[in-house]
Amino acid sequence: MFAYAEAEGIELRLDGAETQVRRPQASRPGRRAFVSGKRRQNTIKSTTFSDGQGRMLLAGVMRPGRMHDRTAVRSEGIAEQFRLRPNVKAKVDSGYAGLAKEFPGQVTAPPKKPKDEACDGEMRAWREARRRQSSARISVEHTDAELRQWASLRRFTGRR
């Protein structure tokens, strides 16, 4: 996918999505790994890649819900792909701020919120930059929503 993005000049959109799953069996090792800190439910996370038009390029590796997005990117080898292909660019959400700090020319994350004592002009500039970033990333959010539309069917397929 990174080779395709580099060859075609596509700017990737990257996001992690949590999906609720059944609770793993009591005897299963690592049962607590599925409990998400964000949702306080048993979830699995997937990393989704899309392009600017909202076409899904990859609905990536599934992992337990407890793992942070940035940790998953490192363990899945995605960070290494950015290192190997310096021409690939991506827009990400605030969960990947560390990735944006590591690859400043390639990965773009939303700006950090200014402190409370910041002037009004600085707050307005922050809101506008955040709005532009979220408008550019909305395509990957729609891709995640498309995947979640099928989540209700998963409940009737039996065991995980």
# chains A, B, ... in the order shown; residues from 1 in each chain; ligands from 1
call {"tool": "select_by_dssp", "arguments": {"residues": "segment 80-157 of chain A", "states": "strand (DSSP E)", "output": "count of residues only"}}
result
5
call {"tool": "residues_around", "arguments": {"residues": "Arg131 of chain A", "least_positions_apart": "5", "cutoff": "12 Å", "atoms": "only C-alpha atoms", "output": "ChimeraX atom specification"}}
result
/A:109-111,124-126,136-138
call {"tool": "atom_distance", "arguments": {"atom1": "atom CA of Ala5 of chain A", "atom2": "atom CA of Gln106 of chain A"}}
result
12.5 Å
call {"tool": "residues_around", "arguments": {"residues": "Asp15 of chain A", "least_positions_apart": "3", "cutoff": "8 Å", "atoms": "only C-alpha atoms", "output": "number ranges by chain"}}
result
A: 47-49, 92-93, 140-141
call {"tool": "select_by_dssp", "arguments": {"residues": "segment 83-131 of chain A", "states": "helix (DSSP H, G or I)", "output": "list in words"}}
result
Arg83, Leu84, Ser94, Gly95, Tyr96, Ala97, Gly98, Leu99, Ala100, Lys101, Glu102, Asp120, Gly121, Glu122, Met123, Arg124, Ala125, Trp126, Arg127, Glu128, Ala129, Arg130 and Arg131 of chain A
call {"tool": "write_last_selection", "arguments": {"atoms": "C-alpha atoms", "output": "PDB file, in the first residue's frame"}}
result
ATOM      1  CA  ARG A  83      11.048   5.651   7.334  1.00  0.00           C
ATOM      2  CA  LEU A  84      11.621   3.565   4.181  1.00  0.00           C
ATOM      3  CA  SER A  94      -4.364  13.292  17.722  1.00  0.00           C
ATOM      4  CA  GLY A  95      -3.823   9.657  18.771  1.00  0.00           C
ATOM      5  CA  TYR A  96      -0.842   9.590  16.424  1.00  0.00           C
ATOM      6  CA  ALA A  97       0.774  12.842  17.633  1.00  0.00           C
ATOM      7  CA  GLY A  98       4.004  10.996  18.472  1.00  0.00           C
ATOM      8  CA  LEU A  99       4.172   9.646  14.922  1.00  0.00           C
ATOM      9  CA  ALA A 100       3.730  13.186  13.577  1.00  0.00           C
ATOM     10  CA  LYS A 101       6.534  14.370  15.853  1.00  0.00           C
ATOM     11  CA  GLU A 102       8.813  11.569  14.635  1.00  0.00           C
ATOM     12  CA  ASP A 120      -7.940  35.414  21.225  1.00  0.00           C
ATOM     13  CA  GLY A 121      -6.057  35.539  17.912  1.00  0.00           C
ATOM     14  CA  GLU A 122      -4.059  32.459  18.823  1.00  0.00           C
ATOM     15  CA  MET A 123      -7.238  30.574  19.816  1.00  0.00           C
ATOM     16  CA  ARG A 124      -8.941  31.543  16.547  1.00  0.00           C
ATOM     17  CA  ALA A 125      -5.919  30.397  14.542  1.00  0.00           C
ATOM     18  CA  TRP A 126      -5.911  27.085  16.442  1.00  0.00           C
ATOM     19  CA  ARG A 127      -9.639  26.525  15.765  1.00  0.00           C
ATOM     20  CA  GLU A 128      -9.181  27.278  12.065  1.00  0.00           C
ATOM     21  CA  ALA A 129      -6.165  24.935  11.760  1.00  0.00           C
ATOM     22  CA  ARG A 130      -8.098  22.196  13.566  1.00  0.00           C
ATOM     23  CA  ARG A 131     -11.101  22.686  11.307  1.00  0.00           C
TER      24      ARG A 131
END
call {"tool": "closest_residue", "arguments": {"among": "A:Glu18, A:Glu80, A:Asp116, A:Glu6", "to": "Met67 of chain A", "atoms": "only C-alpha atoms"}}
result
A:Glu18
